[in-house]
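**Q** Structure file final15.csv (CSV, C-alpha atoms) right here:
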chain,number,residue,atom,x,y,z
A,1,MET,CA,-26.3,-53.7,-64.4
A,2,ILE,CA,-24.6,-52.4,-61.3
A,3,GLN,CA,-25.9,-53.9,-58.1
A,4,THR,CA,-26.7,-51.7,-55.2
A,5,PRO,CA,-24.5,-52.5,-52.2
A,6,ALA,CA,-26.4,-54.0,-49.2
A,7,ALA,CA,-25.8,-52.9,-45.6
A,8,SER,CA,-23.8,-56.1,-45.1
A,9,ASP,CA,-21.4,-55.1,-47.8
A,10,TRP,CA,-20.5,-51.8,-46.0
A,11,THR,CA,-20.3,-53.7,-42.7
A,12,ALA,CA,-17.8,-56.2,-44.3
A,13,LEU,CA,-15.6,-53.3,-45.3
A,14,GLY,CA,-16.0,-51.7,-41.9
A,15,ILE,CA,-17.0,-48.2,-43.2
A,16,ASP,CA,-20.2,-46.2,-43.5
A,17,PRO,CA,-21.7,-45.6,-47.0
A,18,THR,CA,-19.5,-43.2,-49.0
A,19,THR,CA,-18.9,-42.0,-52.5
A,20,ASP,CA,-15.2,-41.8,-52.0
A,21,ALA,CA,-13.6,-44.6,-54.0
A,22,ASP,CA,-10.2,-44.0,-52.3
A,23,GLU,CA,-11.8,-44.5,-48.9
A,24,VAL,CA,-13.3,-47.8,-50.1
A,25,ARG,CA,-9.9,-49.0,-51.3
A,26,ARG,CA,-8.2,-48.0,-48.1
A,27,ALA,CA,-10.9,-49.8,-46.1
A,28,TYR,CA,-10.4,-52.9,-48.2
A,29,ARG,CA,-6.6,-52.9,-47.7
A,30,ALA,CA,-7.1,-52.4,-44.0
A,31,ARG,CA,-9.5,-55.3,-43.6
A,32,LEU,CA,-7.2,-57.6,-45.6
A,33,ARG,CA,-4.8,-57.5,-42.6
A,34,ASP,CA,-7.4,-59.5,-40.6
A,35,VAL,CA,-9.4,-61.2,-43.3
A,36,GLY,CA,-7.0,-62.5,-45.9
A,37,PRO,CA,-7.1,-65.7,-48.0
A,38,GLU,CA,-4.7,-67.4,-45.5
A,39,ALA,CA,-6.3,-66.4,-42.2
A,40,ASP,CA,-10.0,-66.7,-43.2
A,41,PRO,CA,-10.7,-68.0,-46.7
A,42,GLU,CA,-14.4,-67.8,-46.4
A,43,GLY,CA,-14.3,-64.3,-44.9
A,44,PHE,CA,-11.9,-63.2,-47.6
A,45,GLN,CA,-14.3,-64.3,-50.3
A,46,THR,CA,-17.1,-62.3,-48.6
A,47,LEU,CA,-14.9,-59.3,-48.2
A,48,ARG,CA,-13.7,-59.4,-51.9
A,49,ALA,CA,-17.3,-59.7,-53.1
A,50,ALA,CA,-18.4,-56.7,-51.0
A,51,TYR,CA,-15.4,-54.7,-52.1
A,52,GLU,CA,-16.1,-55.3,-55.8
A,53,LYS,CA,-19.8,-54.5,-55.5
A,54,VAL,CA,-19.3,-51.3,-53.4
A,55,LEU,CA,-16.5,-50.0,-55.6
A,56,ALA,CA,-18.5,-50.7,-58.8
A,57,ALA,CA,-21.5,-48.8,-57.3
A,58,VAL,CA,-19.3,-45.9,-56.2
A,59,ASP,CA,-17.6,-45.5,-59.5
A,60,ASP,CA,-21.0,-45.8,-61.3
A,61,ALA,CA,-22.6,-43.2,-59.1
A,62,ARG,CA,-19.8,-40.7,-59.6
A,63,SER,CA,-19.6,-41.5,-63.4
A,64,THR,CA,-15.8,-41.6,-63.2
A,65,PRO,CA,-13.6,-44.3,-64.7
A,66,ARG,CA,-12.2,-46.9,-62.3
A,67,SER,CA,-8.5,-47.3,-61.7
A,68,ASP,CA,-8.5,-50.5,-63.9
A,69,GLU,CA,-4.7,-51.0,-63.6
A,70,GLY,CA,-4.7,-50.9,-59.8
A,71,ASP,CA,-7.8,-53.1,-59.5
A,72,HIS,CA,-6.3,-55.5,-62.1
A,73,ASP,CA,-3.1,-55.8,-60.1
A,74,ALA,CA,-5.0,-56.3,-56.8
A,75,ALA,CA,-7.1,-59.0,-58.5
A,76,LEU,CA,-4.0,-60.8,-59.7
A,77,VAL,CA,-2.5,-60.8,-56.2
A,78,ASP,CA,-5.8,-62.1,-54.8
A,79,ARG,CA,-5.9,-64.9,-57.3
A,80,PHE,CA,-2.3,-65.8,-56.7
A,81,LEU,CA,-2.8,-66.0,-52.9
A,82,SER,CA,-6.0,-68.1,-53.4
A,83,ASP,CA,-4.1,-70.5,-55.8
A,84,LEU,CA,-1.3,-70.7,-53.4
A,85,LEU,CA,-3.6,-71.5,-50.5
A,86,ALA,CA,-5.3,-74.2,-52.6
A,87,ARG,CA,-2.0,-76.0,-53.3
A,88,ARG,CA,-0.9,-75.7,-49.6
A,89,SER,CA,-4.3,-77.0,-48.4
A,90,ALA,CA,-3.9,-80.0,-50.8
A,91,GLY,CA,-0.5,-80.8,-49.4
A,92,ASP,CA,1.2,-79.9,-52.6
A,93,GLU,CA,4.3,-78.2,-51.1
A,94,ALA,CA,6.4,-78.6,-54.3
A,95,GLY,CA,3.5,-77.1,-56.4
A,96,ALA,CA,3.2,-74.1,-54.0
A,97,ILE,CA,7.0,-73.4,-54.3
A,98,ALA,CA,6.8,-73.7,-58.1
A,99,LEU,CA,3.8,-71.3,-58.2
A,100,VAL,CA,5.7,-68.7,-56.1
A,101,ASP,CA,8.7,-69.0,-58.4
A,102,GLU,CA,6.6,-68.7,-61.5
A,103,VAL,CA,4.7,-65.7,-60.4
A,104,LEU,CA,7.6,-63.8,-59.0
A,105,ALA,CA,9.7,-64.5,-62.1
A,106,SER,CA,7.0,-63.0,-64.3
A,107,HIS,CA,7.4,-59.5,-62.7
A,108,ARG,CA,10.6,-57.5,-62.9
A,109,PRO,CA,12.0,-56.7,-59.4
A,110,GLY,CA,11.3,-53.2,-58.3
A,111,THR,CA,8.1,-52.8,-60.2
A,112,ALA,CA,4.9,-52.0,-58.4
A,113,MET,CA,3.4,-55.5,-59.0
A,114,ALA,CA,6.5,-57.2,-57.8
A,115,GLU,CA,6.5,-55.2,-54.6
A,116,MET,CA,2.7,-55.8,-54.1
A,117,LEU,CA,3.4,-59.6,-54.4
A,118,ALA,CA,6.3,-59.4,-51.9
A,119,ASP,CA,4.2,-57.4,-49.4
A,120,SER,CA,1.3,-59.8,-49.7
A,121,LEU,CA,3.6,-62.8,-49.0
A,122,MET,CA,5.2,-61.1,-46.1
A,123,GLU,CA,1.8,-60.1,-44.6
A,124,HIS,CA,0.0,-63.4,-45.1
A,125,LEU,CA,2.6,-66.1,-44.9
A,126,SER,CA,5.7,-64.9,-43.0
A,127,LEU,CA,4.0,-65.6,-39.6
A,128,ALA,CA,1.3,-68.1,-40.7
A,129,ARG,CA,1.2,-70.9,-38.2
A,130,ASN,CA,0.5,-73.6,-40.7
A,131,ILE,CA,3.0,-72.8,-43.4
A,132,SER,CA,5.4,-75.7,-44.0
A,133,PRO,CA,9.0,-75.2,-43.0
A,134,ARG,CA,10.3,-75.8,-46.5
A,135,LEU,CA,8.0,-73.2,-48.1
A,136,PHE,CA,8.8,-70.7,-45.3
A,137,ARG,CA,12.6,-71.1,-45.9
A,138,HIS,CA,12.1,-70.8,-49.6
A,139,LEU,CA,10.2,-67.5,-49.2
A,140,ALA,CA,12.8,-66.2,-46.7
A,141,ASP,CA,15.6,-66.9,-49.3
A,142,ARG,CA,13.7,-65.8,-52.4
A,143,LEU,CA,12.4,-62.5,-50.9
A,144,ASP,CA,15.5,-61.7,-48.8
A,145,TRP,CA,13.7,-61.8,-45.5
A,146,ARG,CA,17.1,-62.5,-43.9
A,147,ASP,CA,18.4,-59.1,-45.0
A,148,VAL,CA,18.4,-56.8,-42.0
A,149,GLN,CA,18.8,-53.8,-44.4
A,150,GLY,CA,16.3,-55.0,-47.0
A,151,ARG,CA,13.0,-53.5,-48.0
A,152,SER,CA,10.9,-55.7,-45.6
A,153,ALA,CA,13.0,-54.6,-42.6
A,154,ARG,CA,12.6,-50.9,-43.6
A,155,ASP,CA,8.9,-51.0,-44.3
A,156,ASP,CA,7.8,-53.1,-41.3
A,157,PRO,CA,10.6,-53.4,-38.8
A,158,GLU,CA,8.4,-54.9,-36.0
A,159,ARG,CA,7.1,-57.7,-38.2
A,160,HIS,CA,10.5,-58.3,-39.7
A,161,ALA,CA,12.1,-58.6,-36.3
A,162,LEU,CA,9.8,-61.5,-35.5
A,163,VAL,CA,10.3,-63.0,-39.0
A,164,LEU,CA,14.1,-63.0,-38.2
A,165,ASP,CA,13.3,-64.8,-34.9
A,166,ARG,CA,11.3,-67.4,-36.9
A,167,ILE,CA,14.2,-67.8,-39.4
A,168,ALA,CA,16.6,-68.4,-36.5
A,169,ALA,CA,14.1,-71.0,-35.1
A,170,GLU,CA,13.8,-72.8,-38.5
A,171,ASP,CA,17.6,-72.8,-38.9
A,172,TRP,CA,18.0,-74.3,-35.4
A,173,TYR,CA,15.4,-76.9,-35.9
A,174,GLY,CA,16.7,-77.9,-39.3
A,175,GLU,CA,20.1,-78.4,-37.9
A,176,LEU,CA,18.8,-80.4,-34.9
A,177,ALA,CA,16.6,-82.7,-37.0
A,178,GLY,CA,18.8,-82.8,-40.0
A,179,SER,CA,21.1,-85.7,-39.3
A,180,PRO,CA,19.1,-88.6,-37.8
A,181,GLY,CA,21.2,-91.6,-37.0
A,182,ASP,CA,24.4,-89.7,-36.7
A,183,PRO,CA,26.3,-91.4,-33.8
A,184,ASP,CA,27.8,-88.0,-32.8
A,185,ARG,CA,24.3,-86.5,-32.6
A,186,GLN,CA,22.6,-89.1,-30.4
A,187,ILE,CA,20.8,-86.5,-28.2
A,188,GLU,CA,19.6,-84.5,-31.2
A,189,THR,CA,18.2,-87.6,-32.8
A,190,ILE,CA,16.4,-88.6,-29.6
A,191,MET,CA,15.0,-85.1,-29.0
A,192,ALA,CA,13.5,-85.0,-32.5
A,193,SER,CA,11.9,-88.4,-32.3
A,194,ASP,CA,8.6,-89.6,-30.9
A,195,ARG,CA,8.3,-91.0,-27.3
A,196,GLU,CA,8.5,-94.6,-28.3
A,197,ARG,CA,11.7,-94.3,-30.3
A,198,ALA,CA,13.2,-92.0,-27.6
A,199,ALA,CA,12.4,-94.5,-24.9
A,200,ALA,CA,14.0,-97.4,-26.9
A,201,ALA,CA,17.1,-95.3,-27.6
A,202,LEU,CA,17.5,-94.3,-24.0
A,203,ARG,CA,17.2,-97.9,-22.9
A,204,ALA,CA,19.8,-99.0,-25.4
A,205,SER,CA,22.2,-96.2,-24.6
A,206,PRO,CA,21.5,-94.2,-21.4
A,207,ILE,CA,22.6,-90.6,-21.3
A,208,SER,CA,26.1,-90.3,-19.9
A,209,GLN,CA,27.3,-87.8,-17.4
A,210,GLU,CA,29.1,-85.9,-20.1
A,211,GLN,CA,25.9,-85.7,-22.2
A,212,ARG,CA,23.8,-84.1,-19.5
A,213,GLN,CA,25.1,-80.6,-20.0
A,214,HIS,CA,24.4,-81.0,-23.7
A,215,VAL,CA,20.8,-81.9,-23.0
A,216,ARG,CA,20.5,-78.8,-20.8
A,217,ASN,CA,21.9,-76.6,-23.6
A,218,LEU,CA,19.5,-78.0,-26.1
A,219,PHE,CA,16.5,-77.4,-23.8
A,220,GLU,CA,17.7,-73.7,-23.3
A,221,GLN,CA,17.9,-73.4,-27.1
A,222,LEU,CA,14.5,-74.9,-27.5
A,223,MET,CA,13.1,-72.4,-25.0
A,224,SER,CA,14.5,-69.5,-27.0
A,225,HIS,CA,12.9,-70.8,-30.3
A,226,ALA,CA,9.8,-72.4,-28.8
A,227,THR,CA,7.3,-69.9,-30.1
A,228,PHE,CA,7.7,-71.3,-33.6
A,229,VAL,CA,8.9,-74.9,-33.1
A,230,LEU,CA,7.7,-76.3,-29.8
A,231,THR,CA,4.7,-78.1,-31.2
A,232,ARG,CA,7.0,-80.2,-33.5
A,233,PHE,CA,8.4,-82.0,-30.5
A,234,ASP,CA,6.8,-84.9,-28.7
A,235,GLY,CA,6.2,-83.8,-25.2
A,236,GLY,CA,6.7,-87.3,-24.0
A,237,THR,CA,10.2,-87.3,-25.4
A,238,LEU,CA,11.0,-84.0,-23.6
A,239,ALA,CA,9.8,-85.5,-20.3
A,240,LEU,CA,11.9,-88.6,-20.9
A,241,LEU,CA,15.0,-86.5,-21.5
A,242,ARG,CA,14.3,-84.5,-18.3
A,243,GLU,CA,13.9,-87.7,-16.3
A,244,ALA,CA,17.1,-89.1,-17.8
A,245,VAL,CA,19.1,-86.2,-16.8
A,246,GLU,CA,17.8,-86.0,-13.1
A,247,GLY,CA,20.1,-83.0,-12.4
A,248,PRO,CA,19.6,-79.3,-11.7
A,249,PRO,CA,16.8,-77.5,-13.6
A,250,LEU,CA,17.4,-77.6,-17.3
A,251,LEU,CA,16.0,-74.1,-17.8
A,252,GLY,CA,17.1,-71.0,-16.1
A,253,GLU,CA,14.4,-68.5,-15.4
A,254,PRO,CA,14.4,-65.8,-18.1
A,255,THR,CA,14.3,-62.2,-17.1
A,256,VAL,CA,10.6,-61.3,-16.6
A,257,ALA,CA,9.5,-58.1,-18.3
A,258,PRO,CA,7.3,-55.8,-16.1
A,259,PRO,CA,3.6,-56.8,-16.4
A,260,VAL,CA,1.6,-54.6,-18.7
A,261,PRO,CA,-2.2,-54.0,-18.6
A,262,LEU,CA,-4.1,-56.2,-21.0
A,263,THR,CA,-5.9,-53.7,-23.3
A,264,ALA,CA,-6.5,-53.6,-27.0
A,265,ALA,CA,-3.8,-51.0,-27.2
A,266,THR,CA,-1.1,-53.0,-25.4
A,267,THR,CA,-1.8,-56.1,-27.4
A,268,SER,CA,-1.8,-54.7,-30.9
A,269,PRO,CA,0.0,-56.6,-33.6
A,270,ALA,CA,2.9,-54.1,-33.6
A,271,GLN,CA,3.4,-54.3,-29.9
A,272,LEU,CA,3.3,-58.1,-29.9
A,273,VAL,CA,6.7,-58.1,-31.5
A,274,SER,CA,8.4,-55.3,-29.6
A,275,PRO,CA,11.4,-56.4,-27.5
A,276,GLN,CA,9.3,-56.4,-24.3
A,277,ARG,CA,6.5,-58.3,-26.0
A,278,ARG,CA,8.9,-60.9,-27.4
A,279,ASN,CA,10.1,-61.5,-23.8
A,280,LEU,CA,6.5,-62.0,-22.7
A,281,ILE,CA,5.9,-64.5,-25.6
A,282,ARG,CA,9.1,-66.3,-24.5
A,283,ILE,CA,7.9,-66.4,-20.9
A,284,GLY,CA,4.5,-67.7,-22.0
A,285,VAL,CA,6.1,-70.5,-23.9
A,286,PHE,CA,8.4,-71.1,-20.9
A,287,GLY,CA,5.3,-71.7,-18.7
A,288,LEU,CA,4.2,-74.5,-21.0
A,289,LEU,CA,7.7,-75.8,-21.6
A,290,GLY,CA,8.4,-75.7,-17.9
A,291,ALA,CA,5.4,-77.9,-17.2
A,292,VAL,CA,6.6,-80.2,-19.9
A,293,VAL,CA,10.1,-80.7,-18.5
A,294,ALA,CA,9.4,-80.3,-14.8
A,295,GLY,CA,6.0,-81.9,-14.3
A,296,LYS,CA,4.6,-85.2,-15.2
A,297,LEU,CA,3.6,-84.7,-18.8
A,298,ILE,CA,0.4,-85.2,-20.7
A,299,TYR,CA,1.4,-83.5,-23.9
A,300,SER,CA,1.6,-84.9,-27.4
A,301,SER,CA,2.5,-83.3,-30.7
A,302,LYS,CA,0.3,-85.8,-32.6
A,303,SER,CA,-3.4,-85.6,-33.4
A,304,SER,CA,-5.4,-86.7,-30.4
A,305,ASP,CA,-7.6,-89.0,-32.5
A,306,GLY,CA,-5.6,-89.4,-35.7
A,307,GLY,CA,-8.7,-88.2,-37.7
A,308,ALA,CA,-10.7,-85.1,-38.3
A,309,SER,CA,-10.2,-82.1,-36.1
A,310,THR,CA,-12.3,-81.9,-32.9
A,311,ALA,CA,-12.2,-78.1,-32.9
A,312,LEU,CA,-15.6,-76.5,-32.9
A,313,ALA,CA,-16.7,-74.2,-35.6
A,314,LYS,CA,-16.2,-70.5,-34.8
A,315,ASP,CA,-19.9,-69.7,-34.7
A,316,ILE,CA,-20.5,-72.5,-32.2
A,317,ALA,CA,-17.3,-71.9,-30.1
A,318,LEU,CA,-17.7,-68.2,-29.7
A,319,PRO,CA,-20.9,-68.2,-27.6
A,320,MET,CA,-19.5,-71.1,-25.6
A,321,LEU,CA,-16.3,-69.2,-24.8
A,322,LYS,CA,-18.3,-66.2,-23.6
A,323,ASP,CA,-20.6,-68.3,-21.4
A,324,PRO,CA,-19.3,-68.0,-17.8
A,325,LYS,CA,-20.5,-71.5,-17.2
A,326,THR,CA,-18.1,-72.9,-19.8
A,327,ALA,CA,-14.8,-74.0,-18.3
A,328,TRP,CA,-11.6,-73.1,-20.2
A,329,LEU,CA,-9.5,-75.5,-18.2
A,330,GLU,CA,-10.2,-78.8,-16.5
A,331,LEU,CA,-8.6,-79.4,-13.2
A,332,VAL,CA,-8.6,-83.1,-12.1
A,333,PRO,CA,-7.2,-84.0,-8.7
A,334,GLY,CA,-5.2,-87.2,-8.6
A,335,PRO,CA,-2.8,-89.2,-6.4
A,336,ASP,CA,0.2,-87.4,-8.0
A,337,GLY,CA,-1.3,-83.9,-7.9
A,338,VAL,CA,-3.8,-81.8,-9.9
A,339,LYS,CA,-3.9,-82.5,-13.6
A,340,VAL,CA,-4.3,-79.3,-15.7
A,341,ASP,CA,-6.0,-80.2,-18.9
A,342,TRP,CA,-6.2,-77.6,-21.7
A,343,ALA,CA,-8.7,-79.6,-23.8
A,344,PRO,CA,-11.7,-77.4,-23.3
A,345,VAL,CA,-10.1,-74.2,-24.5
A,346,MET,CA,-8.3,-76.0,-27.3
A,347,ARG,CA,-11.6,-77.3,-28.7
A,348,MET,CA,-12.8,-73.7,-28.9
A,349,ARG,CA,-9.6,-72.3,-30.5
A,350,ASN,CA,-11.3,-71.3,-33.8
A,351,ALA,CA,-13.0,-68.5,-31.9
A,352,ILE,CA,-9.8,-67.3,-30.3
A,353,LYS,CA,-7.5,-64.6,-31.7
A,354,GLU,CA,-5.2,-64.5,-28.7
A,355,LEU,CA,-5.0,-66.5,-25.5
A,356,HIS,CA,-3.1,-64.9,-22.6
A,357,VAL,CA,-2.1,-66.7,-19.4
A,358,GLY,CA,-0.5,-66.0,-16.1
A,359,TYR,CA,1.2,-68.4,-13.8
A,360,ASN,CA,0.8,-67.4,-10.2
A,361,GLU,CA,-0.2,-63.9,-11.5
A,362,GLU,CA,-3.4,-62.0,-11.2
A,363,MET,CA,-3.1,-60.6,-14.7
A,364,PRO,CA,-2.5,-63.0,-17.6
A,365,THR,CA,0.2,-61.0,-19.4
A,366,THR,CA,1.9,-63.7,-21.5
A,367,LEU,CA,0.9,-65.0,-24.9
A,368,PHE,CA,0.1,-68.7,-25.2
A,369,PRO,CA,0.8,-70.2,-28.6
A,370,LEU,CA,-2.3,-71.9,-29.9
A,371,PRO,CA,-1.8,-75.1,-32.0
A,372,THR,CA,-3.3,-75.3,-35.4
A,373,SER,CA,-4.3,-79.0,-35.1
A,374,ASP,CA,-5.5,-81.3,-32.4
A,375,VAL,CA,-2.9,-81.9,-29.7
A,376,ALA,CA,-3.4,-83.0,-26.1
A,377,ILE,CA,-1.9,-80.4,-23.8
A,378,GLY,CA,-1.7,-80.8,-20.1
A,379,PHE,CA,0.5,-81.5,-17.1
A,380,ILE,CA,0.5,-82.4,-13.4
A,381,ALA,CA,0.9,-79.1,-11.7
A,382,PRO,CA,4.1,-78.8,-9.7
A,383,PRO,CA,3.7,-77.7,-6.0
A,384,THR,CA,4.9,-74.2,-6.8
A,385,LEU,CA,2.0,-73.6,-9.2
A,386,THR,CA,-1.0,-72.3,-7.3
A,387,THR,CA,-3.1,-70.4,-9.8
A,388,ILE,CA,-3.5,-69.9,-13.5
A,389,SER,CA,-5.1,-66.8,-14.9
A,390,MET,CA,-6.5,-66.5,-18.4
A,391,ARG,CA,-7.9,-63.9,-20.7
A,392,ILE,CA,-9.0,-64.3,-24.3
A,393,LEU,CA,-9.2,-61.9,-27.3
A,394,TYR,CA,-12.2,-63.4,-29.1
A,395,SER,CA,-12.5,-63.8,-32.8
A,396,ASP,CA,-14.9,-60.9,-32.9
A,397,GLY,CA,-12.3,-58.5,-31.5
A,398,THR,CA,-13.7,-58.2,-28.0
A,399,TRP,CA,-11.9,-59.1,-24.8
A,400,SER,CA,-13.0,-61.5,-22.1
A,401,THR,CA,-12.8,-60.8,-18.4
A,402,VAL,CA,-9.9,-62.4,-16.5
A,403,ARG,CA,-10.5,-65.9,-15.2
A,404,GLN,CA,-8.6,-67.4,-12.2
A,405,TYR,CA,-8.2,-71.1,-11.8
A,406,ASN,CA,-7.1,-72.1,-8.3
A,407,ILE,CA,-4.8,-75.2,-8.5
A,408,ARG,CA,-4.4,-75.5,-4.8
A,409,LYS,CA,-8.1,-75.4,-4.1
A,410,ALA,CA,-8.8,-78.0,-6.8
A,411,GLY,CA,-6.4,-80.3,-5.1
A,412,GLN,CA,-8.1,-80.1,-1.7
Rewrite the structure of this file - the entire thing - as structure tokens.
**A**
Amino acid sequence: MIQTPAASDWTALGIDPTTDADEVRRAYRARLRDVGPEADPEGFQTLRAAYEKVLAAVDDARSTPRSDEGDHDAALVDRFLSDLLARRSAGDEAGAIALVDEVLASHRPGTAMAEMLADSLMEHLSLARNISPRLFRHLADRLDWRDVQGRSARDDPERHALVLDRIAAEDWYGELAGSPGDPDRQIETIMASDRERAAAALRASPISQEQRQHVRNLFEQLMSHATFVLTRFDGGTLALLREAVEGPPLLGEPTVAPPVPLTAATTSPAQLVSPQRRNLIRIGVFGLLGAVVAGKLIYSSKSSDGGASTALAKDIALPMLKDPKTAWLELVPGPDGVKVDWAPVMRMRNAIKELHVGYNEEMPTTLFPLPTSDVAIGFIAPPTLTTISMRILYSDGTWSTVRQYNIRKAGQ
């Protein structure tokens, strides 16, 4: 017996009740961009159930046969993505890679199913924050993401441009961390290690005058790739290297793109990866990285408590974020200056789609990369930093007002 769709089913699809099966399918595909098995597993299950119920009711009402082949292919892709997510969630990286190879090998290249699988992997995994480097590199090689003339580049050039940036970042990080213990790569080994090992290495063999420029070069390279790899570095190690050099600034100021108004239009997924937007992302990371290497650091790439995540559930965090009484930053005056602690907003990250910040700017026009696990992020504000502005795109798709945090006032 065909179930009658509830109002919540139409809401899940984001459309009004209709008898147009094609409109239902289009709505489902559109919603998958935001509610996929990778980004929101529970939401995906709800969406899929609503889609099946609505489509079955529409087909039954019109007494027309369903497009079984298309629905069958979509169901296979959904099942594949769900299985892949389960293996990744269990930490079975080898199993995830084997599943990708098995499924892709079972469909001849160029067929509709093969292209549907490739498109789904590009959409859901190419920019996923928690995908392992090994799986990402395997997908990039297997699906020709490196090919600037390939199908992915032609179909979605904006996303592909950012995927190429990620590939370059992964290649750079793999080379930097790939030869631990090599005496000719002492600085790379230190940079990729935790703070304790870095401190021991620097005590045993201080950085020479000749090595200082090499450190500067590595920090500039890190800045150019930081959007994707910054959280893999121990902030304490970066601070130690900066202190060991004690020379001119390690990072040159990048060219700042003109500020743009923060509206839903100017921060759409496509524009986030335009050349101007990539500059803003780079500058946003520079703001954090600058604090790491120029200020006194309170940043760690490890879990803050070594246990379960302290992030609040989305339904709890969202009303807190929207409450004007809830602080997003904590400013703590101290003898060395004002400590800027990001812990409050990090605990509410599950209710955040995008976090934008501005350093000494009224409008927060730069994208702040949110971590996917507990990290302690903070720094002692340098004298040149007087204000931090913040604006949030909430998980429900609405924007916050701009908040201004006065560093100078907090230090008085």
**Q** Can you tell me how far atom CA of Phe233 of chain A sits from atom CA of Glu188 of chain A, in Å to one decimal?
**A**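 According to the coordinates, atom CA of Phe233 of chain A and atom CA of Glu188 of chain A are separated by 11.5 Å.
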**Q** Might you pull out every residue within 8 Å of segment 195-197 of chain A, with all atoms listed in the file counted and same-chain residues fewer than 6 positions away left off, and present them as an NGL selection string?
**A** :A and (234-237 or 240)
**Q** Name all residues at most 10 Å from segment 341-350 of chain A (count only C-alpha atoms; drop same-chain ones fewer than 2 positions away) and give them as a ChimeraX atom specification.
**A** /A:298-299,309-321,326-332,338-339,352-355,370-380,392,394-395
**Q** Got a sec: who's within 8 Å of Glu361 of chain A, counting only C-alpha atoms, leaving out chain neighbours fewer than 2 positions off, as a short mmCIF file (atom, residue, chain, number, x, y, z; two decimals) with C-alpha atoms, in the frame of the given file?
**A**
data_model
loop_
_atom_site.label_atom_id
_atom_site.label_comp_id
_atom_site.auth_asym_id
_atom_site.auth_seq_id
_atom_site.Cartn_x
_atom_site.Cartn_y
_atom_site.Cartn_z
CA GLY A 358 -0.50 -66.00 -16.10
CA TYR A 359 1.20 -68.40 -13.80
CA MET A 363 -3.10 -60.60 -14.70
CA PRO A 364 -2.50 -63.00 -17.60
CA THR A 387 -3.10 -70.40 -9.80
CA ILE A 388 -3.50 -69.90 -13.50
CA SER A 389 -5.10 -66.80 -14.90
#
**Q** Interatomic distance between atom CA of Asp144 of chain A and atom CA of Pro369 of chain A?
**A**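 One can read the atom CA of Asp144 of chain A to atom CA of Pro369 of chain A distance as 26.4 Å.
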**Q** For Lys53 of chain A, list every protein, DNA or RNA residue within 8 Å, evaluated using only C-alpha atoms, and leave out those in the same chain fewer than 3 positions away; present the list as a PyMOL selection string.
**A** chain A and resi 2-5+9+49-50+56-57
**Q** Rounded to one decimal in Å, what is the spacing between atom CA of Lys325 of chain A and atom CA of Trp399 of chain A?
**A**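 Atom-to-atom, atom CA of Lys325 of chain A and atom CA of Trp399 of chain A are spaced 16.9 Å apart.
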**Q** Using all atoms listed in the file, which protein or nucleic acid residues come within 7 Å of segment 105-118 of chain A? Drop anything in the same chain fewer than 2 positions from it, and give the result as JSON, numbers by chain.
**A** {"A": [73, 77, 101, 102, 103, 120, 121, 122, 143]}
**Q** Which of these, A:Glu243, A:Glu220, A:Asp22, A:Asp141, has the shortest distance to Ala199 of chain A once you count all atoms listed in the file?
**A** A:Glu243
**Q** A:Thr227, A:Ser179, A:Leu241, A:Leu81: which is nearest Pro206 of chain A, counting all atoms listed in the file?
**A**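 Between A:Thr227, A:Ser179, A:Leu241, A:Leu81, the residue approaching Pro206 of chain A most closely is A:Leu241.
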**Q** Which one is closest to Ala30 of chain A: A:Gly14, A:Gly178, A:Gly43, A:Gly91? Count all atoms listed in the file.
**A**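 Among the listed residues, the smallest separation from Ala30 of chain A belongs to A:Gly14.
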**Q** Name the closest residue to Glu123 of chain A among the candidates A:Ala86, A:Met390, A:Val35, A:Leu104; distances are taken between atoms, counting only C-alpha atoms.
**A**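 Closest residue, counting only C-alpha atoms: A:Val35.
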